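J.: To be precise about what I am sending: the file is called query-v7.tsv and holds TSV, C-alpha atoms and all ligand atoms.
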```
chain	number	residue	atom	x	y	z
A	1	MET	CA	143.56	125.44	121.12
A	2	ASP	CA	143.67	127.63	124.16
A	3	PHE	CA	140.44	129.59	124.40
A	4	GLU	CA	141.46	131.46	127.54
A	5	PRO	CA	141.86	135.14	126.69
A	6	MET	CA	145.55	135.92	127.08
A	7	ASP	CA	146.84	138.45	129.55
A	8	ARG	CA	149.55	140.87	128.56
A	9	ARG	CA	152.34	138.89	130.18
A	10	ASN	CA	151.37	135.74	128.33
A	11	PHE	CA	151.08	137.67	125.11
A	12	LEU	CA	154.53	139.19	125.45
A	13	GLY	CA	155.91	135.83	126.46
A	14	ILE	CA	154.98	134.26	123.15
A	15	ALA	CA	154.94	137.20	120.79
A	16	GLY	CA	158.48	136.56	119.54
A	17	GLY	CA	157.73	134.90	116.22
A	18	ALA	CA	154.60	133.08	117.37
A	19	LEU	CA	151.49	133.50	115.30
A	20	VAL	CA	148.62	134.81	117.39
A	21	CYS	CA	145.10	134.54	116.00
A	22	THR	CA	141.71	135.73	117.12
A	23	ILE	CA	138.93	133.25	116.43
A	24	GLY	CA	135.45	133.83	117.76
A	25	GLY	CA	136.74	136.75	119.83
A	26	GLN	CA	139.33	134.59	121.60
A	27	LYS	CA	143.06	134.84	121.10
A	28	PHE	CA	145.04	131.67	120.66
A	29	ARG	CA	148.51	130.66	119.57
A	30	ILE	CA	149.06	128.62	116.50
A	31	ASP	CA	152.07	126.99	118.14
A	32	SER	CA	150.16	125.67	121.16
A	33	LYS	CA	148.01	122.57	121.47
A	34	ALA	CA	144.69	122.94	119.69
A	35	ASP	CA	141.40	121.15	120.26
A	36	LEU	CA	139.94	121.78	116.84
A	37	LYS	CA	136.89	119.59	117.53
A	38	LYS	CA	136.00	121.69	120.53
A	39	ALA	CA	136.64	124.90	118.63
A	40	ASN	CA	134.48	123.70	115.74
A	41	ALA	CA	131.59	122.70	117.99
A	42	ALA	CA	131.66	126.13	119.63
A	43	TYR	CA	131.56	127.94	116.31
A	44	PRO	CA	128.25	129.61	115.40
A	45	VAL	CA	126.94	128.87	111.88
A	46	PRO	CA	126.30	132.20	110.08
A	47	PRO	CA	122.61	132.84	109.24
A	48	LYS	CA	122.89	132.75	105.41
A	49	VAL	CA	124.85	129.50	105.69
A	50	ALA	CA	122.26	127.91	107.99
A	51	ALA	CA	119.47	128.90	105.57
A	52	ALA	CA	121.23	127.60	102.44
A	53	ARG	CA	120.64	124.22	100.87
A	54	ASN	CA	123.54	122.00	99.92
A	55	ASN	CA	125.00	123.23	96.63
A	56	THR	CA	122.34	125.68	95.50
A	57	PRO	CA	122.41	125.32	91.69
A	58	ILE	CA	123.95	128.16	89.70
A	59	SER	CA	121.98	129.42	86.71
A	60	LYS	CA	123.75	128.88	83.38
A	61	ALA	CA	123.10	132.53	82.53
A	62	ALA	CA	125.59	133.47	85.25
A	63	ILE	CA	128.43	131.94	83.26
A	64	GLN	CA	130.07	134.11	80.59
A	65	GLY	CA	132.02	132.58	77.70
A	66	SER	CA	133.36	129.07	77.82
A	67	ARG	CA	133.83	127.42	81.17
A	68	ARG	CA	136.69	125.56	82.83
A	69	GLU	CA	135.05	123.25	85.30
A	70	TYR	CA	136.70	121.60	88.30
A	71	TRP	CA	135.54	119.22	91.02
A	72	ILE	CA	137.69	119.57	94.14
A	73	LYS	CA	137.44	118.17	97.65
A	74	ALA	CA	139.32	119.24	100.76
A	75	GLU	CA	140.53	116.11	102.55
A	76	GLN	CA	142.63	115.18	105.55
A	77	ARG	CA	145.67	112.96	105.02
A	78	ARG	CA	149.10	112.02	106.33
A	79	TRP	CA	151.97	113.83	104.66
A	80	ASN	CA	155.74	113.56	105.00
A	81	VAL	CA	157.49	116.91	104.58
A	82	VAL	CA	160.98	115.35	104.24
A	83	PRO	CA	160.48	111.89	102.73
A	84	SER	CA	164.18	111.32	101.90
A	85	LYS	CA	165.22	112.41	105.43
A	86	THR	CA	168.14	114.17	103.70
A	87	ASP	CA	169.15	117.70	102.79
A	88	GLU	CA	171.03	117.19	99.50
A	89	MET	CA	172.30	120.78	99.43
A	90	MET	CA	174.23	120.34	102.68
A	91	ASN	CA	174.62	116.56	102.23
A	92	GLN	CA	173.17	116.04	105.70
A	93	ARG	CA	170.69	113.67	107.28
A	94	ILE	CA	167.68	115.38	108.78
A	95	LYS	CA	167.76	114.14	112.35
A	96	LYS	CA	164.50	113.32	114.07
A	97	ARG	CA	165.91	114.42	117.43
A	98	VAL	CA	166.37	117.92	115.92
A	99	THR	CA	163.25	118.34	113.78
A	100	GLY	CA	160.90	115.89	115.45
A	101	SER	CA	158.81	113.68	113.18
A	102	THR	CA	158.39	115.19	109.70
A	103	GLY	CA	155.22	113.15	109.13
A	104	THR	CA	152.12	115.21	109.87
A	105	ASP	CA	148.36	115.49	109.29
A	106	VAL	CA	147.53	117.98	106.57
A	107	PHE	CA	144.42	119.33	104.88
A	108	ALA	CA	144.80	119.05	101.11
A	109	TYR	CA	142.76	119.87	98.02
A	110	ARG	CA	142.13	116.92	95.68
A	111	LEU	CA	141.00	116.97	92.07
A	112	TYR	CA	138.07	114.73	91.03
A	113	SER	CA	136.48	113.84	87.71
A	114	LYS	CA	133.06	115.21	86.72
A	115	ASP	CA	130.46	115.10	89.49
A	116	PHE	CA	133.10	113.84	91.96
A	117	ALA	CA	132.93	110.39	90.27
A	118	GLN	CA	136.53	109.46	91.05
A	119	PRO	CA	139.75	111.10	92.24
A	120	LEU	CA	142.18	112.05	89.48
A	121	GLY	CA	145.16	111.76	91.81
A	122	PRO	CA	146.04	112.03	95.47
A	123	ALA	CA	145.23	115.01	97.69
A	124	THR	CA	148.34	117.18	97.57
A	125	VAL	CA	150.00	120.21	99.16
A	126	PRO	CA	149.64	122.48	97.24
A	127	GLY	CA	146.33	121.61	95.61
A	128	PRO	CA	145.82	121.10	91.87
A	129	LEU	CA	146.63	123.83	89.34
A	130	LEU	CA	143.55	125.79	88.30
A	131	GLU	CA	143.90	127.39	84.89
A	132	ALA	CA	141.83	129.43	82.48
A	133	ASN	CA	142.34	131.71	79.52
A	134	VAL	CA	141.24	135.31	79.52
A	135	GLY	CA	137.58	135.31	78.46
A	136	GLU	CA	136.75	132.04	80.20
A	137	THR	CA	134.95	131.34	83.48
A	138	LEU	CA	136.22	129.05	86.21
A	139	VAL	CA	133.45	126.90	87.68
A	140	VAL	CA	134.73	125.13	90.79
A	141	HIS	CA	132.53	122.59	92.58
A	142	PHE	CA	133.95	122.28	96.05
A	143	GLN	CA	133.18	119.67	98.70
A	144	ASN	CA	134.63	119.67	102.19
A	145	GLU	CA	135.67	116.47	103.95
A	146	CYS	CA	137.83	118.16	106.58
A	147	PRO	CA	136.60	118.37	110.18
A	148	LEU	CA	136.45	122.21	110.10
A	149	PRO	CA	134.49	124.54	107.83
A	150	VAL	CA	136.88	125.54	105.02
A	151	THR	CA	136.60	127.32	101.68
A	152	MET	CA	138.30	128.17	98.41
A	153	HIS	CA	139.15	131.82	97.83
A	154	PRO	CA	140.85	132.92	94.57
A	155	HIS	CA	143.27	135.72	93.91
A	156	GLY	CA	143.24	137.65	90.64
A	157	ALA	CA	139.94	136.47	89.14
A	158	PHE	CA	136.79	138.61	88.99
A	159	TYR	CA	133.88	137.41	91.12
A	160	SER	CA	130.66	138.64	92.65
A	161	ASN	CA	130.59	139.32	96.36
A	162	GLU	CA	129.01	135.99	97.36
A	163	MET	CA	131.63	134.05	95.34
A	164	ASP	CA	134.72	135.17	97.23
A	165	GLY	CA	134.86	132.11	99.48
A	166	ALA	CA	135.61	134.19	102.57
A	167	TYR	CA	134.26	134.05	106.11
A	168	LYS	CA	132.77	137.44	107.06
A	169	GLY	CA	131.09	136.79	110.41
A	170	LYS	CA	127.32	137.29	110.28
A	171	PHE	CA	127.63	138.50	106.67
A	172	THR	CA	129.09	135.18	105.48
A	173	ASP	CA	127.71	133.59	102.31
A	174	PRO	CA	127.52	129.78	101.99
A	175	GLY	CA	130.80	129.72	100.01
A	176	GLY	CA	132.58	131.29	102.99
A	177	PHE	CA	131.72	128.54	105.50
A	178	VAL	CA	131.60	125.11	103.86
A	179	GLN	CA	130.90	122.59	106.58
A	180	ARG	CA	132.04	118.98	106.43
A	181	GLY	CA	129.98	117.05	103.87
A	182	ARG	CA	128.69	120.16	102.11
A	183	THR	CA	129.24	121.20	98.50
A	184	VAL	CA	129.26	124.69	96.99
A	185	THR	CA	129.94	125.90	93.44
A	186	TYR	CA	132.15	128.92	92.96
A	187	ILE	CA	132.03	130.97	89.76
A	188	TRP	CA	135.11	133.04	89.08
A	189	GLU	CA	135.34	135.03	85.86
A	190	CYS	CA	138.57	135.73	83.99
A	191	PRO	CA	137.97	138.85	81.86
A	192	GLU	CA	140.69	140.98	80.25
A	193	GLY	CA	142.81	142.42	83.05
A	194	THR	CA	142.85	139.28	85.22
A	195	GLN	CA	145.71	137.52	83.44
A	196	GLY	CA	148.53	136.55	85.73
A	197	SER	CA	150.06	134.03	88.11
A	198	TRP	CA	147.83	133.76	91.16
A	199	LEU	CA	146.90	131.42	93.99
A	200	TYR	CA	143.80	130.19	95.79
A	201	HIS	CA	143.47	129.22	99.44
A	202	ASP	CA	141.11	128.60	102.32
A	203	HIS	CA	139.57	131.75	103.77
A	204	GLY	CA	137.15	130.15	106.22
A	205	PRO	CA	136.48	130.92	109.88
A	206	PHE	CA	139.60	129.05	111.06
A	207	ASP	CA	141.94	131.03	108.83
A	208	PRO	CA	144.95	130.61	108.93
A	209	ILE	CA	144.94	127.10	110.47
A	210	PRO	CA	143.70	125.27	107.35
A	211	ILE	CA	146.13	127.22	105.15
A	212	SER	CA	149.06	126.30	107.34
A	213	LYS	CA	147.82	122.70	107.18
A	214	GLY	CA	148.02	122.79	103.37
A	215	LEU	CA	144.85	124.32	101.86
A	216	PHE	CA	146.26	126.45	99.05
A	217	GLY	CA	147.23	126.01	95.43
A	218	PRO	CA	148.27	127.74	92.20
A	219	LEU	CA	145.93	129.54	89.82
A	220	VAL	CA	146.98	130.85	86.41
A	221	ILE	CA	144.95	133.01	84.06
A	222	ARG	CA	146.62	132.99	80.67
A	223	ASP	CA	146.65	135.56	77.93
A	224	PRO	CA	145.75	133.45	74.87
A	225	ASP	CA	147.84	135.77	72.65
A	226	GLU	CA	151.01	135.00	74.60
A	227	PRO	CA	152.94	131.86	73.57
A	228	LEU	CA	153.06	129.14	76.23
A	229	PRO	CA	156.50	128.57	77.76
A	230	ASP	CA	158.35	125.33	76.94
A	231	ARG	CA	158.74	124.55	80.64
A	232	GLU	CA	156.81	126.03	83.55
A	233	PHE	CA	156.87	125.44	87.28
A	234	PHE	CA	154.45	126.40	90.04
A	235	LEU	CA	156.17	126.98	93.38
A	236	GLY	CA	154.40	127.73	96.67
A	237	PHE	CA	156.60	129.01	99.53
A	238	HIS	CA	155.16	128.22	102.98
A	239	SER	CA	155.98	126.59	106.30
A	240	PHE	CA	154.98	123.86	108.73
A	241	LEU	CA	155.16	125.14	112.30
A	242	PRO	CA	155.42	123.03	115.44
A	243	GLY	CA	152.39	123.18	117.73
A	244	SER	CA	148.72	122.85	116.99
A	245	ASN	CA	149.07	121.81	113.36
A	246	ASN	CA	152.12	119.60	113.68
A	247	PRO	CA	152.38	118.34	117.26
A	248	ASN	CA	155.34	116.05	116.49
A	249	LEU	CA	157.52	118.74	114.95
A	250	ARG	CA	160.21	120.33	117.11
A	251	GLN	CA	161.19	123.10	114.72
A	252	ALA	CA	159.63	124.93	111.79
A	253	LEU	CA	160.12	123.36	108.37
A	254	TYR	CA	160.25	125.91	105.55
A	255	ALA	CA	158.73	124.25	102.52
A	256	ILE	CA	158.28	124.65	98.80
A	257	ASN	CA	155.22	122.79	97.50
A	258	GLY	CA	154.71	120.89	100.74
A	259	LYS	CA	158.25	119.52	101.02
A	260	ALA	CA	161.39	120.77	102.73
A	261	TYR	CA	165.10	120.42	101.84
A	262	THR	CA	166.73	119.99	98.44
A	263	GLY	CA	165.92	116.60	96.96
A	264	ASN	CA	162.45	116.68	98.55
A	265	THR	CA	161.28	120.04	97.21
A	266	PRO	CA	160.59	120.03	93.46
A	267	THR	CA	163.64	119.19	91.34
A	268	LEU	CA	163.05	121.27	88.21
A	269	THR	CA	164.56	120.44	84.83
A	270	ALA	CA	165.01	122.37	81.59
A	271	LYS	CA	167.39	122.50	78.65
A	272	VAL	CA	169.33	125.36	77.12
A	273	GLY	CA	167.11	127.31	74.71
A	274	ASP	CA	163.88	126.56	76.58
A	275	ASP	CA	161.48	129.39	77.27
A	276	VAL	CA	161.10	128.82	81.06
A	277	ALA	CA	158.48	130.24	83.44
A	278	PHE	CA	158.38	130.06	87.23
A	279	HIS	CA	155.04	130.91	88.86
A	280	VAL	CA	155.85	131.68	92.50
A	281	TYR	CA	153.72	132.60	95.51
A	282	ALA	CA	153.98	132.77	99.31
A	283	ILE	CA	151.32	131.73	101.78
A	284	ASP	CA	152.52	131.69	105.37
A	285	ASN	CA	153.40	134.30	107.99
A	286	ASP	CA	156.80	135.27	106.60
A	287	PHE	CA	158.44	137.23	103.85
A	288	HIS	CA	160.59	135.17	101.52
A	289	THR	CA	162.83	135.76	98.54
A	290	PHE	CA	162.99	133.88	95.27
A	291	HIS	CA	166.65	133.55	94.39
A	292	MET	CA	167.90	131.68	91.37
A	293	HIS	CA	171.55	130.76	90.91
A	294	GLY	CA	173.20	131.41	87.55
A	295	HIS	CA	170.24	133.33	86.10
A	296	ARG	CA	168.61	136.76	86.14
A	297	TRP	CA	165.45	138.32	84.83
A	298	LYS	CA	163.94	141.74	84.28
A	299	GLU	CA	161.53	143.37	86.69
A	300	ASN	CA	160.31	146.84	85.70
A	301	GLY	CA	163.24	147.12	83.32
A	302	VAL	CA	165.87	146.26	85.95
A	303	ASN	CA	167.88	143.03	85.99
A	304	ILE	CA	167.45	141.09	89.26
A	305	ASP	CA	168.21	137.60	90.55
A	306	ASN	CA	166.48	137.77	93.94
A	307	LYS	CA	162.92	138.94	94.55
A	308	THR	CA	161.28	139.60	97.92
A	309	PHE	CA	157.65	138.58	98.29
A	310	GLY	CA	155.24	138.27	101.18
A	311	PRO	CA	152.09	136.40	102.22
A	312	GLY	CA	149.60	136.26	99.35
A	313	ASP	CA	152.04	137.71	96.80
A	314	SER	CA	152.43	135.92	93.49
A	315	PHE	CA	154.47	136.61	90.38
A	316	ARG	CA	156.04	135.04	87.36
A	317	VAL	CA	159.69	134.89	86.35
A	318	ARG	CA	160.31	134.07	82.69
A	319	PHE	CA	163.51	133.83	80.68
A	320	ILE	CA	165.20	131.93	77.88
A	321	GLU	CA	167.42	129.29	79.45
A	322	ASP	CA	171.10	129.95	78.65
A	323	ASN	CA	173.17	128.29	81.37
A	324	PRO	CA	173.53	124.53	81.86
A	325	GLY	CA	174.31	123.08	85.27
A	326	ARG	CA	173.02	121.87	88.60
A	327	TRP	CA	171.59	125.07	90.08
A	328	LEU	CA	169.93	125.95	93.35
A	329	TYR	CA	166.78	128.00	93.66
A	330	HIS	CA	165.97	129.06	97.22
A	331	CYS	CA	164.70	131.59	99.73
A	332	HIS	CA	167.57	133.84	100.79
A	333	VAL	CA	166.36	134.28	104.37
A	334	PHE	CA	169.07	132.06	105.82
A	335	SER	CA	167.01	130.52	108.61
A	336	HIS	CA	164.41	129.54	105.99
A	337	LEU	CA	167.06	128.24	103.58
A	338	HIS	CA	168.65	126.02	106.23
A	339	GLN	CA	165.27	124.81	107.50
A	340	GLY	CA	164.33	123.49	104.10
A	341	MET	CA	163.49	126.26	101.62
A	342	SER	CA	165.66	125.32	98.64
A	343	GLY	CA	165.60	123.09	95.60
A	344	TRP	CA	167.48	121.92	92.50
A	345	TYR	CA	167.11	123.41	89.05
A	346	ASN	CA	168.94	121.13	86.61
A	347	VAL	CA	169.66	122.46	83.13
A	348	THR	CA	171.09	120.25	80.38
A	401	CU	CU	161.84	132.47	103.25
```
Before we go any further, please render this structure as structure tokens.
Ligand SMILES: [Cu+2]
T.:
Amino acid sequence: MDFEPMDRRNFLGIAGGALVCTIGGQKFRIDSKADLKKANAAYPVPPKVAAARNNTPISKAAIQGSRREYWIKAEQRRWNVVPSKTDEMMNQRIKKRVTGSTGTDVFAYRLYSKDFAQPLGPATVPGPLLEANVGETLVVHFQNECPLPVTMHPHGAFYSNEMDGAYKGKFTDPGGFVQRGRTVTYIWECPEGTQGSWLYHDHGPFDPIPISKGLFGPLVIRDPDEPLPDREFFLGFHSFLPGSNNPNLRQALYAINGKAYTGNTPTLTAKVGDDVAFHVYAIDNDFHTFHMHGHRWKENGVNIDNKTFGPGDSFRVRFIEDNPGRWLYHCHVFSHLHQGMSGWYNVT
């Protein structure tokens, strides 16, 4: 990370598409080399965080209704964005001399059993699905094993101010600056009016670096009166950029659920007659579209087959499956599509 304040010429030189962040009052580019260790060491610990004990217990009285409890760690791991090295849509090999190495270091949320006894699967991009019914409370015990302070911040749920998992400078609560080795418990309520397809993500002091390294995931709050779909899919639209996060990449990879190019992104399956739901969200620096071949759905009473959505947006598409075939779902921004943002939807 370049901690030199940038002059105007430098700024203009990189402003075309580069993501510029201000951290600790210094501007830096997300596509330049980053010394995260140095940046971390230079970062002041907010006063309420310094004063807090590890995982201050939450009183049971604070929890309304029944609880859905999760134990989640943020971990660092290797991750291959294009494991098959092939784009099945274009029937092309993904050439290392074009993209650079598609293997990279990510930060990823990982689900554990009660009291962090054992992992229930690998750390993944996106993180595990969090779900609750209206009337329940999400209790999320979160431990950080990444080398930067990171957090979990939910969309859609109801929470008190200190539970929003966000860095706020000197006003930061312990849940907004979870240092390596520390644990916090978040309580997020799901009263009437919070139902929907949402997401959660890091909102710590290094935002958006940990998000672009993989710290996000789906969150659904269900209306218990609504029948569950027969098939449902959770799709996060995001990107891996060359530079600080992915030093061996030569070009951006536009990903769905941590993978890029058809055959690597999720291959979804359903059969005719199924009640199908797609829970879709975006969490990078771009606007995307969700386009589905051979299908359409209603939004505000209008039939559409392509929906634009931006960073932090989330929505659900639901229809009764009526059209068998090998279909594509993809982002219709062509540079994103041809840098990986598409997948198969196979209907029998
Ligand atoms: Cu896109």
J.: All residues within 8 Å of ligand CU 401 (chain A) are required, counting only C-alpha atoms and all ligand atoms; please report them as a short mmCIF file (atom, residue, chain, number, x, y, z; two decimals) with C-alpha atoms, in the coordinates of the input.
T.:
```cif
data_model
loop_
_atom_site.label_atom_id
_atom_site.label_comp_id
_atom_site.auth_asym_id
_atom_site.auth_seq_id
_atom_site.Cartn_x
_atom_site.Cartn_y
_atom_site.Cartn_z
CA PHE A 237 156.60 129.01 99.53
CA HIS A 238 155.16 128.22 102.98
CA TYR A 254 160.25 125.91 105.55
CA ASP A 286 156.80 135.27 106.60
CA PHE A 287 158.44 137.23 103.85
CA HIS A 288 160.59 135.17 101.52
CA THR A 289 162.83 135.76 98.54
CA CYS A 331 164.70 131.59 99.73
CA HIS A 332 167.57 133.84 100.79
CA VAL A 333 166.36 134.28 104.37
CA PHE A 334 169.07 132.06 105.82
CA SER A 335 167.01 130.52 108.61
CA HIS A 336 164.41 129.54 105.99
CA LEU A 337 167.06 128.24 103.58
CA MET A 341 163.49 126.26 101.62
#
```
J.: Atom CA of Gln143 of chain A and atom CA of Gly243 of chain A are how many Å apart?
T.: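 A separation of 27.3 Å between them.
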J.: Which residue is closest to Leu120 of chain A? Choose from A:Ile72, A:Leu36, A:Ala132, A:Ala270 and count only C-alpha atoms.
T.: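 The answer is A:Ile72, which sits nearest to Leu120 of chain A.
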J.: Which residues of segment 200-265 of chain A have any atom within 7 Å of an atom in segment 95-111 of chain A when counting all atoms listed in the file, and what is the closest pair of atoms for each, with the distance in Å to one decimal? Order the rows by chain and rising number and write it as JSON lines.
T.:
```
{"residue": "A:Pro210", "atom": "CA", "partner": "A:Phe107", "partner_atom": "CA", "distance": 6.5}
{"residue": "A:Lys213", "atom": "CA", "partner": "A:Val106", "partner_atom": "CA", "distance": 4.8}
{"residue": "A:Gly214", "atom": "CA", "partner": "A:Phe107", "partner_atom": "CA", "distance": 5.2}
{"residue": "A:Leu215", "atom": "CA", "partner": "A:Ala108", "partner_atom": "CA", "distance": 5.3}
{"residue": "A:Asn246", "atom": "CA", "partner": "A:Thr104", "partner_atom": "CA", "distance": 5.8}
{"residue": "A:Asn248", "atom": "CA", "partner": "A:Ser101", "partner_atom": "CA", "distance": 5.3}
{"residue": "A:Leu249", "atom": "CA", "partner": "A:Gly100", "partner_atom": "CA", "distance": 4.4}
{"residue": "A:Arg250", "atom": "CA", "partner": "A:Gly100", "partner_atom": "CA", "distance": 4.8}
{"residue": "A:Gln251", "atom": "CA", "partner": "A:Thr99", "partner_atom": "CA", "distance": 5.3}
```
J.: Smallest atom-to-atom distance to Ala74 of chain A: which of A:Phe216, A:Phe158, A:Phe240, A:Tyr281, using all atoms listed in the file?
T.: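 With all atoms listed in the file as the atom set, the closest residue is A:Phe216.
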J.: Using only C-alpha atoms, can you tell me which of A:Pro191, A:Pro229, A:Pro154, A:Gly65 comes closest to Arg318 of chain A?
T.: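 Ranked by minimum distance to Arg318 of chain A, first place goes to A:Pro229.
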J.: So that I can see what lies close to Gly175 of chain A, please list as a list in words the residues with an atom at most 8 Å from it, counting all atoms listed in the file and leaving out residues fewer than 5 positions away in the same chain.
T.: Thr151, Met152, Glu162, Met163, Asp164, Gly165, Ala166, Val184, Thr185 and Tyr186 of chain A
J.: List every protein, DNA or RNA residue that has an atom no more than 8 Å from (174.4, 120.8, 89.6) in the file's coordinate frame, counting only C-alpha atoms, and report them as a list in words.
T.: Gly325, Arg326, Trp327, Leu328, Trp344, Tyr345 and Asn346 of chain A
J.: Which residue is closest to Lys48 of chain A? Choose from A:His291, A:Arg78, A:Lys170, A:His330 and count only C-alpha atoms.
T.: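 Under the stated criterion, the closest residue is A:Lys170.
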J.: Calculated over only C-alpha atoms, which of the candidates A:Leu228, A:Val82, A:Ala50, A:Pro128 has the smallest distance to Val178 of chain A?
T.: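 Once distances to Val178 of chain A are computed over only C-alpha atoms, the minimum belongs to A:Ala50.
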J.: Have a look at atom CA of Asp305 of chain A and atom CA of His293 of chain A and let me know their distance in Å, one decimal.
T.: 7.6 Å
J.: Atom CA of Ala277 of chain A and atom CA of His295 of chain A, how far apart in Å?
T.: 12.4 Å
J.: Which protein, DNA or RNA residues have an atom at most 6 Å from (155.5, 124.0, 110.1), counting all atoms listed in the file? List them as number ranges by chain.
T.: A: 239-242, 252-253
J.: What's the 9 Å shell around Thr194 of chain A, counting all atoms listed in the file, without same-chain residues fewer than 6 positions away, as a VMD selection string?
T.: chain A and resid 134 156 to 158 221 to 222
J.: Hey, which of A:Ala282, A:Pro247, A:Arg182, A:Gly196 ends up closest to Glu226 of chain A? Count only C-alpha atoms.
T.: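 So, comparing all the options, the nearest one is A:Gly196.
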J.: List as a PyMOL selection string the protein and nucleic acid residues near Gly135 of chain A, meaning an atom at most 8 Å away when all atoms listed in the file are counted, but skip any in the same chain fewer than 2 places from it.
T.: chain A and resi 64-66+133+137+189-192
J.: Residues within 9 Å of Pro218 of chain A, please, as a list in words. Count only C-alpha atoms; anything in the same chain fewer than 4 positions from it doesn't count.
T.: Pro126, Gly127, Pro128, Leu129, Leu130, Glu131, Ser197, Trp198, Leu199, Tyr200, His201, Phe234, Leu235, Gly236, His279, Val280 and Tyr281 of chain A
J.: Contacts of Val49 of chain A at 9 Å or less, counting only C-alpha atoms, minus same-chain residues fewer than 5 places along, as a PDB file with C-alpha atoms, in the coordinates of the input?
T.:
```pdb
ATOM      1  CA  THR A 172     129.090 135.180 105.480  1.00  0.00           C
ATOM      2  CA  ASP A 173     127.710 133.590 102.310  1.00  0.00           C
ATOM      3  CA  PRO A 174     127.520 129.780 101.990  1.00  0.00           C
ATOM      4  CA  GLY A 175     130.800 129.720 100.010  1.00  0.00           C
ATOM      5  CA  GLY A 176     132.580 131.290 102.990  1.00  0.00           C
ATOM      6  CA  PHE A 177     131.720 128.540 105.500  1.00  0.00           C
ATOM      7  CA  VAL A 178     131.600 125.110 103.860  1.00  0.00           C
TER       8      VAL A 178
END
```
J.: Considering only C-alpha atoms, tabulate each residue of segment 76-173 of chain A that lies at most 9 Å from segment 255-259 of chain A along with its nearest interatomic pair and the corresponding distance in Å to one decimal; arrange the rows by chain and ascending residue number and present them as a tab-separated table.
T.:
```
residue	atom	partner	partner_atom	distance
A:Trp79	CA	A:Gly258	CA	8.5
A:Asn80	CA	A:Lys259	CA	7.6
A:Val81	CA	A:Lys259	CA	4.5
A:Val82	CA	A:Lys259	CA	5.9
A:Pro83	CA	A:Lys259	CA	8.1
A:Thr124	CA	A:Gly258	CA	8.0
A:Val125	CA	A:Gly258	CA	5.0
A:Pro126	CA	A:Asn257	CA	5.6
```
